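Source file start-v2.cif; content: mmCIF, C-alpha atoms.
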```cif
data_protein
loop_
_atom_site.label_atom_id
_atom_site.label_comp_id
_atom_site.auth_asym_id
_atom_site.auth_seq_id
_atom_site.Cartn_x
_atom_site.Cartn_y
_atom_site.Cartn_z
CA MET E 271 -35.15 76.23 -88.48
CA ALA E 272 -33.91 72.66 -88.94
CA ALA E 273 -34.35 71.05 -92.32
CA SER E 274 -36.97 68.32 -92.62
CA ASN E 275 -35.86 64.72 -93.16
CA PRO E 276 -36.64 64.74 -96.91
CA GLU E 277 -34.60 67.92 -97.30
CA VAL E 278 -31.68 66.42 -95.35
CA ALA E 279 -31.85 63.22 -97.40
CA GLN E 280 -31.79 65.24 -100.63
CA GLN E 281 -28.80 67.23 -99.38
CA GLN E 282 -26.94 63.97 -98.79
CA ILE E 283 -27.84 62.66 -102.24
CA ASP E 284 -26.72 65.89 -103.91
CA GLU E 285 -23.42 65.90 -102.01
CA ILE E 286 -22.63 62.26 -102.80
CA GLU E 287 -23.40 62.78 -106.50
CA ALA E 288 -21.14 65.85 -106.57
CA LEU E 289 -18.27 64.05 -104.84
CA SER E 290 -18.61 61.06 -107.14
CA SER E 291 -18.44 63.38 -110.13
CA ILE E 292 -15.44 65.33 -108.79
CA TYR E 293 -13.31 62.40 -107.62
CA GLY E 294 -14.33 59.67 -110.05
CA GLU E 295 -12.76 56.27 -109.35
CA ASP E 296 -11.14 57.50 -106.13
CA TRP E 297 -14.63 57.78 -104.61
CA CYS E 298 -16.39 54.53 -103.80
CA VAL E 299 -19.50 53.26 -102.06
CA VAL E 300 -18.82 50.72 -99.31
CA ASP E 301 -22.45 50.21 -98.25
CA GLU E 302 -25.25 52.25 -99.84
CA ASP E 303 -27.89 51.22 -97.29
CA GLU E 304 -25.70 52.12 -94.31
CA LYS E 305 -24.45 55.27 -96.12
CA ILE E 306 -20.80 54.27 -95.82
CA TYR E 307 -18.42 55.82 -98.34
CA CYS E 308 -14.69 56.18 -98.75
CA ILE E 309 -12.25 58.15 -100.85
CA LYS E 310 -8.57 57.62 -101.47
CA ILE E 311 -6.65 60.89 -101.27
CA GLY E 312 -3.05 61.47 -102.37
CA ASP E 313 -0.50 64.28 -102.44
CA CYS E 314 -0.62 64.21 -106.24
CA LEU E 315 -2.46 62.45 -109.05
CA ASP E 316 0.55 60.66 -110.57
CA GLN E 317 2.20 58.11 -108.26
CA PRO E 318 1.47 59.79 -104.91
CA LYS E 319 3.91 59.11 -102.08
CA TRP E 320 1.61 60.13 -99.25
CA THR E 321 -1.92 58.67 -99.36
CA LEU E 322 -4.83 58.36 -96.98
CA CYS E 323 -8.29 56.83 -97.11
CA LEU E 324 -11.14 58.82 -95.59
CA GLN E 325 -14.13 56.65 -94.70
CA VAL E 326 -17.36 58.39 -93.71
CA ILE E 327 -20.73 57.28 -92.44
CA LEU E 328 -23.57 59.77 -92.91
CA PRO E 329 -26.09 59.73 -90.04
CA SER E 330 -29.71 60.63 -90.76
CA GLY E 331 -29.25 64.12 -89.30
CA TYR E 332 -26.27 65.11 -91.48
CA PRO E 333 -25.69 67.88 -92.46
CA ALA E 334 -28.44 69.72 -90.61
CA SER E 335 -27.82 68.58 -87.04
CA GLU E 336 -25.24 65.75 -86.93
CA PRO E 337 -21.61 65.50 -88.08
CA PRO E 338 -20.37 62.67 -90.32
CA ILE E 339 -18.81 59.72 -88.51
CA TYR E 340 -15.35 59.36 -89.98
CA GLN E 341 -12.30 57.11 -89.94
CA LEU E 342 -8.85 58.10 -91.22
CA ASN E 343 -6.99 55.09 -92.59
CA ALA E 344 -3.30 55.35 -93.44
CA PRO E 345 -0.44 53.07 -92.33
CA TRP E 346 1.70 56.08 -91.37
CA LEU E 347 -1.04 58.05 -89.59
CA ARG E 348 -0.76 57.82 -85.81
CA GLY E 349 -0.08 59.82 -82.68
CA GLN E 350 0.30 63.55 -83.15
CA ASP E 351 -0.29 63.40 -86.92
CA TYR E 352 -3.67 61.75 -86.37
CA THR E 353 -4.67 64.12 -83.58
CA GLU E 354 -3.78 67.26 -85.55
CA LEU E 355 -5.63 66.13 -88.66
CA ALA E 356 -8.70 65.05 -86.69
CA ASN E 357 -8.75 68.42 -84.92
CA SER E 358 -8.58 70.20 -88.29
CA LEU E 359 -11.57 68.24 -89.62
CA GLU E 360 -13.61 68.89 -86.50
CA GLU E 361 -12.77 72.61 -86.70
CA ILE E 362 -14.05 72.68 -90.29
CA TYR E 363 -17.30 71.07 -89.11
CA ILE E 364 -17.76 73.63 -86.32
CA GLN E 365 -17.08 76.51 -88.72
CA ASN E 366 -19.68 75.20 -91.19
CA LEU E 367 -22.50 73.91 -88.97
CA GLY E 368 -25.48 72.73 -90.98
CA GLU E 369 -23.57 72.71 -94.27
CA SER E 370 -22.16 69.90 -96.43
CA ILE E 371 -18.49 69.58 -95.50
CA LEU E 372 -17.09 66.43 -97.10
CA TYR E 373 -15.47 68.31 -99.97
CA LEU E 374 -13.80 70.66 -97.46
CA TRP E 375 -12.56 67.66 -95.49
CA VAL E 376 -11.10 65.96 -98.57
CA GLU E 377 -9.27 69.08 -99.70
CA LYS E 378 -7.95 69.74 -96.18
CA ILE E 379 -6.55 66.21 -96.09
CA ARG E 380 -5.00 66.70 -99.54
CA GLU E 381 -3.43 69.96 -98.33
CA VAL E 382 -1.85 68.11 -95.37
CA LEU E 383 -0.52 65.36 -97.67
CA VAL E 384 1.01 67.91 -100.04
CA GLU E 385 2.71 69.61 -97.09
CA LYS E 386 4.05 66.22 -95.96
CA ALA E 387 5.43 65.49 -99.41
CA GLN E 388 7.08 68.92 -99.72
CA SER E 389 8.58 69.03 -96.23
CA SER E 390 9.89 65.49 -96.01
CA ASN E 391 12.42 63.70 -98.16
CA SER E 392 11.71 60.39 -96.47
CA GLU E 393 9.06 57.86 -97.37
CA PRO E 394 6.08 57.56 -95.02
CA ASP E 395 6.31 54.88 -92.35
CA ILE E 396 3.88 52.30 -93.69
CA LYS E 397 3.58 50.10 -90.64
CA LYS E 398 -0.09 49.23 -90.31
CA THR E 399 -1.78 48.79 -86.97
CA THR E 400 -5.15 47.45 -85.97
CA GLU E 401 -7.82 49.77 -84.57
CA GLU E 402 -8.66 47.13 -81.98
CA VAL E 403 -6.43 45.61 -79.31
CA ASP E 404 -7.41 42.53 -77.34
CA GLU E 405 -5.88 41.25 -74.13
CA ASP E 406 -5.94 37.86 -75.82
CA ASN E 407 -4.77 38.46 -79.37
CA GLY E 408 -4.94 34.85 -80.45
CA ASP E 409 -1.29 33.84 -80.18
CA ASP E 410 -2.33 30.20 -80.46
CA PHE E 411 -3.24 30.86 -84.09
CA VAL E 412 -0.20 32.85 -85.16
CA LEU E 413 1.80 29.78 -86.24
CA ASP E 414 5.14 31.57 -85.76
CA TYR E 415 4.00 34.15 -88.29
CA GLN E 416 5.09 37.72 -87.61
CA ALA E 417 3.13 40.56 -89.20
CA VAL E 418 4.95 41.96 -92.20
CA GLN E 419 5.24 45.68 -92.69
CA GLU E 420 5.79 45.62 -96.45
CA ASP E 421 3.17 45.90 -99.16
CA PRO E 422 1.20 42.60 -99.14
CA VAL E 423 1.91 42.18 -102.87
CA GLU E 424 5.60 42.99 -102.58
CA ILE E 425 6.22 40.31 -99.96
CA LEU E 426 5.74 37.67 -102.66
CA ASN E 427 8.37 39.10 -104.98
CA TYR E 428 11.23 37.06 -103.61
CA ILE E 429 9.55 33.76 -104.44
CA THR E 430 8.66 34.64 -108.04
CA SER E 431 11.57 34.47 -110.44
CA GLU E 432 11.83 37.32 -112.93
CA SER E 433 12.64 34.80 -115.63
CA GLN E 434 9.27 33.09 -115.25
CA GLU E 435 6.60 33.97 -117.77
CA ASP E 436 3.39 35.42 -116.44
CA GLU E 437 0.92 32.71 -115.56
CA GLU E 438 -2.76 32.90 -116.33
CA LEU E 439 -4.76 34.99 -113.87
CA PRO E 440 -7.12 32.65 -112.00
CA VAL E 441 -10.83 33.39 -111.79
CA ILE E 442 -11.59 35.51 -108.72
CA HIS E 443 -14.85 35.00 -106.83
CA HIS E 444 -16.40 37.48 -104.39
CA GLY E 445 -18.55 36.53 -101.41
CA ASN E 446 -21.54 38.34 -99.97
CA PRO E 447 -20.66 41.33 -97.73
CA LEU E 448 -21.44 41.10 -94.02
CA THR E 449 -22.01 44.26 -91.98
CA ASP E 450 -21.92 44.47 -88.19
CA ARG E 451 -21.94 47.79 -86.29
CA ARG E 452 -20.85 49.65 -89.44
CA SER E 453 -17.87 47.40 -90.12
CA THR E 454 -18.22 45.55 -93.41
CA PHE E 455 -16.47 42.26 -94.22
CA GLN E 456 -16.24 40.57 -97.63
CA ALA E 457 -14.34 37.47 -98.71
CA HIS E 458 -12.66 36.89 -102.07
CA LEU E 459 -11.42 33.52 -103.35
CA ALA E 460 -9.23 32.29 -106.21
CA PRO E 461 -7.82 28.87 -107.12
CA VAL E 462 -4.01 29.01 -107.07
CA VAL E 463 -1.25 26.45 -107.67
CA THR E 464 1.84 28.71 -107.55
CA PRO E 465 2.98 31.69 -105.46
CA ARG E 466 3.12 33.74 -108.67
CA GLN E 467 -0.62 33.21 -109.13
CA VAL E 468 -1.15 34.41 -105.54
CA LYS E 469 0.76 37.59 -106.38
CA ARG E 470 -1.23 38.14 -109.57
CA VAL E 471 -4.57 37.69 -107.79
CA LEU E 472 -3.58 40.16 -105.06
CA GLU E 473 -2.46 42.69 -107.65
CA LYS E 474 -5.77 42.30 -109.49
CA LEU E 475 -7.78 42.73 -106.30
CA TYR E 476 -5.88 45.90 -105.39
CA GLU E 477 -6.80 47.38 -108.77
CA ASN E 478 -10.34 47.58 -107.37
CA LYS E 479 -10.57 50.96 -105.63
CA LYS E 480 -13.04 49.71 -103.05
CA ILE E 481 -10.88 46.73 -102.06
CA ALA E 482 -7.69 48.81 -102.07
CA SER E 483 -9.35 51.28 -99.70
CA ALA E 484 -10.28 48.61 -97.13
CA THR E 485 -8.85 49.13 -93.66
CA HIS E 486 -7.47 45.58 -93.77
CA ASN E 487 -7.11 42.96 -96.50
CA ILE E 488 -6.33 39.77 -94.63
CA TYR E 489 -5.31 36.74 -96.65
CA ALA E 490 -4.07 33.15 -96.44
CA TYR E 491 -3.31 30.51 -99.02
CA ARG E 492 -2.43 26.81 -99.15
CA ILE E 493 -0.84 25.14 -102.17
CA TYR E 494 -0.28 21.37 -102.18
CA CYS E 495 3.11 20.28 -103.55
CA GLU E 496 2.52 16.85 -105.10
CA ASP E 497 6.20 15.97 -105.44
CA LYS E 498 7.04 16.64 -101.80
CA HIS E 499 3.64 15.84 -100.28
CA THR E 500 3.72 19.12 -98.35
CA PHE E 501 1.77 22.34 -98.29
CA LEU E 502 3.23 25.67 -99.35
CA GLN E 503 1.28 28.20 -97.31
CA ASP E 504 1.39 31.70 -95.89
CA CYS E 505 -0.81 34.41 -94.41
CA GLU E 506 -0.96 38.17 -93.96
CA ASP E 507 -2.62 40.21 -91.20
CA ASP E 508 -2.44 43.56 -93.03
CA GLY E 509 -2.56 45.32 -89.67
CA GLU E 510 -5.37 43.22 -88.12
CA THR E 511 -3.17 41.46 -85.55
CA ALA E 512 -3.37 37.64 -85.63
CA ALA E 513 -6.22 37.61 -88.19
CA GLY E 514 -4.07 36.07 -90.93
CA GLY E 515 -2.89 33.29 -88.64
CA ARG E 516 -6.45 32.55 -87.59
CA LEU E 517 -7.56 32.46 -91.23
CA LEU E 518 -4.75 30.06 -92.15
CA HIS E 519 -5.59 27.92 -89.12
CA LEU E 520 -9.20 27.68 -90.34
CA MET E 521 -8.01 26.58 -93.79
CA GLN E 522 -5.80 23.93 -92.18
CA ILE E 523 -8.69 22.60 -90.10
CA LEU E 524 -10.88 22.47 -93.22
CA ASN E 525 -7.97 20.81 -95.07
CA VAL E 526 -8.45 22.97 -98.18
CA GLN E 527 -5.75 23.17 -100.82
CA ASN E 528 -4.76 25.16 -103.90
CA VAL E 529 -6.77 28.19 -102.89
CA LEU E 530 -6.24 31.80 -101.80
CA VAL E 531 -8.77 33.50 -99.53
CA VAL E 532 -8.74 37.26 -98.94
CA VAL E 533 -11.09 38.93 -96.45
CA SER E 534 -11.50 42.70 -96.74
CA ARG E 535 -12.65 44.71 -93.74
CA TRP E 536 -13.86 48.29 -93.88
CA TYR E 537 -13.73 49.55 -90.29
CA GLY E 538 -16.83 51.52 -89.31
CA GLY E 539 -15.59 53.34 -86.23
CA ILE E 540 -17.11 50.98 -83.64
CA LEU E 541 -14.83 48.43 -81.95
CA LEU E 542 -16.05 44.85 -82.45
CA GLY E 543 -13.56 43.08 -80.17
CA PRO E 544 -13.26 39.31 -80.75
CA ASP E 545 -16.36 39.35 -82.98
CA ARG E 546 -14.20 40.68 -85.82
CA PHE E 547 -12.27 37.40 -85.95
CA LYS E 548 -15.55 35.47 -86.00
CA HIS E 549 -16.77 37.54 -88.96
CA ILE E 550 -13.49 37.15 -90.86
CA ASN E 551 -13.53 33.37 -90.47
CA ASN E 552 -17.26 33.06 -91.17
CA CYS E 553 -16.88 35.01 -94.43
CA ALA E 554 -13.94 32.78 -95.38
CA ARG E 555 -15.74 29.56 -94.48
CA ASN E 556 -18.88 30.59 -96.39
CA ILE E 557 -17.02 31.30 -99.63
CA LEU E 558 -15.03 28.06 -99.31
CA VAL E 559 -18.28 26.12 -98.93
CA GLU E 560 -19.95 28.06 -101.75
CA TYR E 561 -17.20 27.10 -104.21
CA ASN E 562 -16.95 23.49 -103.03
CA TYR E 563 -13.58 23.58 -101.29
CA VAL E 564 -15.26 22.12 -98.21
CA HIS E 565 -17.19 19.00 -99.16
CA SER E 566 -18.08 17.19 -95.95
CA ALA E 567 -17.46 17.08 -92.22
CA GLU E 568 -15.54 13.83 -92.61
CA GLU E 569 -13.23 15.27 -95.23
CA SER E 570 -12.71 18.45 -93.20
CA SER E 571 -11.62 16.43 -90.17
CA LYS E 572 -8.82 14.57 -91.96
CA PRO E 573 -5.29 15.49 -90.82
CA ALA E 574 -3.72 18.10 -93.05
CA GLY E 575 -0.34 16.40 -93.19
CA LYS E 576 3.01 18.07 -93.45
CA SER E 577 3.01 21.75 -94.28
CA LYS E 578 5.60 24.13 -95.57
CA LYS E 579 5.42 27.81 -94.68
CA ILE E 580 7.19 30.68 -96.41
CA ARG E 581 9.18 32.81 -94.02
CA LYS E 582 9.64 36.53 -94.52
CA ASP E 583 13.40 36.10 -94.11
CA ASN E 584 13.34 34.11 -97.37
CA LYS E 585 13.76 30.80 -95.54
CA LYS E 586 11.35 27.89 -95.53
CA ARG E 587 10.45 25.57 -92.71
CA THR E 588 8.32 22.47 -92.26
CA GLU E 589 5.53 22.74 -89.74
CA HIS E 590 4.94 19.87 -87.36
#
```
Let's see the structure in the file written out as structure tokens.
Amino acid sequence: MAASNPEVAQQQIDEIEALSSIYGEDWCVVDEDEKIYCIKIGDCLDQPKWTLCLQVILPSGYPASEPPIYQLNAPWLRGQDYTELANSLEEIYIQNLGESILYLWVEKIREVLVEKAQSSNSEPDIKKTTEEVDEDNGDDFVLDYQAVQEDPVEILNYITSESQEDEELPVIHHGNPLTDRRSTFQAHLAPVVTPRQVKRVLEKLYENKKIASATHNIYAYRIYCEDKHTFLQDCEDDGETAAGGRLLHLMQILNVQNVLVVVSRWYGGILLGPDRFKHINNCARNILVEYNYVHSAEESSKPAGKSKKIRKDNKKRTEH
């Protein structure tokens, strides 16, 4: 006999409370109303080499009659590795029909990561890829920017001298989350005047378990150089192809300066197509308006002037 809705709801509540207690800060709530949760899993507790983020959405019939909807997020996870792990999780579900299985899933994933760490001397391939592919991927907005495969924080290391003293961490603002078809988007903003401040803000954001577990953290920044009358600017897709270039293009059109905008996306398992770019830019525009970086239509339409863009090969160029 199937459990009634109140019984199913209570089972979900009990399971979430147990998982939160077991996994502590590694467990986070993405959207309570939509029942979207995620957990960061590693091969060990201290400086794990192999990590993966499991994102789950609990439908109203789970666990009695419906399985969790899940997404496995890891830069190295693709092809056969993805298929084998997904098959293992689905096998666990079939073997435990009607029962709470998230703990079993987490520990199975941890077991796979431990095996990876023990059987491989090499580092995981951390190239990130988008879940969605468009025929038109927005090349007009890429601005000669090629997606970087390194850690988004590490890519700024070459422009921050070790001899420089740490600068003050700017205030970080967070926008209102936007959810569409189980994907959640949220913008973050900080005033910045140096690349080192950009690096510090990104590091601070990644200390937040929820933000660090996002499928993509897309960012762009523009810093006005008074002495040269140019803009120092850059962007990062973080696996969401062309999204960083589109975000930077928006900031150029709005003629904003001395600001970093990061948009986090938690993928919900349903492809959004081009709408995802609309949501990323709308979140960014809203937070820029909220904190008075966009003042008027007239001001937004002024030409942005000469711009300087940091290249990943440590060279700089002037945009025309």
Separation of atom CA of Thr454 of chain E from atom CA of Trp375 of chain E, in Å and rounded to one decimal: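 Spanning atom CA of Thr454 of chain E to atom CA of Trp375 of chain E is a straight-line distance of 22.9 Å.
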Name the residues that the PyMOL selection byres ((chain E and resi 457-473) around 7) picks from the file above, as a short mmCIF file (atom, residue, chain, number, x, y, z; two decimals) with C-alpha atoms, in the frame of the given file, using the file's chain letters and numbers.
```cif
data_model
loop_
_atom_site.label_atom_id
_atom_site.label_comp_id
_atom_site.auth_asym_id
_atom_site.auth_seq_id
_atom_site.Cartn_x
_atom_site.Cartn_y
_atom_site.Cartn_z
CA VAL E 423 1.91 42.18 -102.87
CA LEU E 426 5.74 37.67 -102.66
CA ILE E 429 9.55 33.76 -104.44
CA THR E 430 8.66 34.64 -108.04
CA GLU E 437 0.92 32.71 -115.56
CA LEU E 439 -4.76 34.99 -113.87
CA PRO E 440 -7.12 32.65 -112.00
CA VAL E 441 -10.83 33.39 -111.79
CA ILE E 442 -11.59 35.51 -108.72
CA HIS E 443 -14.85 35.00 -106.83
CA HIS E 444 -16.40 37.48 -104.39
CA GLY E 445 -18.55 36.53 -101.41
CA PHE E 455 -16.47 42.26 -94.22
CA GLN E 456 -16.24 40.57 -97.63
CA LYS E 474 -5.77 42.30 -109.49
CA LEU E 475 -7.78 42.73 -106.30
CA TYR E 476 -5.88 45.90 -105.39
CA GLU E 477 -6.80 47.38 -108.77
CA ILE E 493 -0.84 25.14 -102.17
CA ASN E 528 -4.76 25.16 -103.90
CA VAL E 529 -6.77 28.19 -102.89
CA LEU E 530 -6.24 31.80 -101.80
CA VAL E 531 -8.77 33.50 -99.53
CA VAL E 532 -8.74 37.26 -98.94
CA VAL E 533 -11.09 38.93 -96.45
CA SER E 534 -11.50 42.70 -96.74
CA CYS E 553 -16.88 35.01 -94.43
CA ALA E 554 -13.94 32.78 -95.38
CA ILE E 557 -17.02 31.30 -99.63
#
```
Taking all atoms listed in the file into account, which of E:Val384, E:Leu359, E:Val376, E:Leu328 comes nearest Asp296 of chain E?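 Result for the nearest residue to Asp296 of chain E: E:Val376.
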Select, from E:Arg546, E:Leu347, E:Ser389, E:Tyr373, the residue with the minimum atom-to-atom distance to Ile286 of chain E, counting all atoms listed in the file.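 Among the listed residues, E:Tyr373 lies closest to Ile286 of chain E.
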Name the residues that the PyMOL selection byres ((chain E and resi 297) around 12) pulls out of this structure, and write them as a PyMOL selection string. chain E and resi 286-296+298-300+306-311+323-326+372-373+376+478-483
Closest of E:Gln281, E:Asn487, E:Gln522, E:Thr511 to Phe547 of chain E, counting only C-alpha atoms, is E:Thr511
Taking the file above as input, evaluate the PyMOL selection byres ((chain E and resi 378-380) around 12) and report the hits as a ChimeraX atom specification. /E:309-315,318-324,342-344,347,351-352,354-363,371-377,381-387
Nearest candidate to Thr485 of chain E (options E:Gly543, E:Gly509, E:Gly368, E:Gly515; using all atoms listed in the file):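 Comparing E:Gly543, E:Gly509, E:Gly368, E:Gly515 against Thr485 of chain E, the winner is E:Gly509.
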Using all atoms of segment 454-459 of chain E that appear in the file, construct an axis-aligned enclosing box with 8 Å of padding on every side and provide its centre coordinates and edge lengths in Å, rounded to one decimal, as AutoDock Vina command-line options.
```
--center_x -14.8 --center_y 39.5 --center_z -98.4 --size_x 22.8 --size_y 28.0 --size_z 25.9
```
Atom CA of Arg535 of chain E and atom CA of Asn446 of chain E, how far apart in Å?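 Between atom CA of Asn446 of chain E and atom CA of Arg535 of chain E the gap works out to 12.6 Å.
For the choices E:Ser453, E:Leu367, E:Leu502, E:Leu558, the atom-to-atom distance to Leu542 of chain E is smallest for E:Ser453 when using all atoms listed in the file.
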What is the atom CA of Ile339 of chain E to atom CA of Glu506 of chain E distance in Å?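 It comes out at 28.5 Å.
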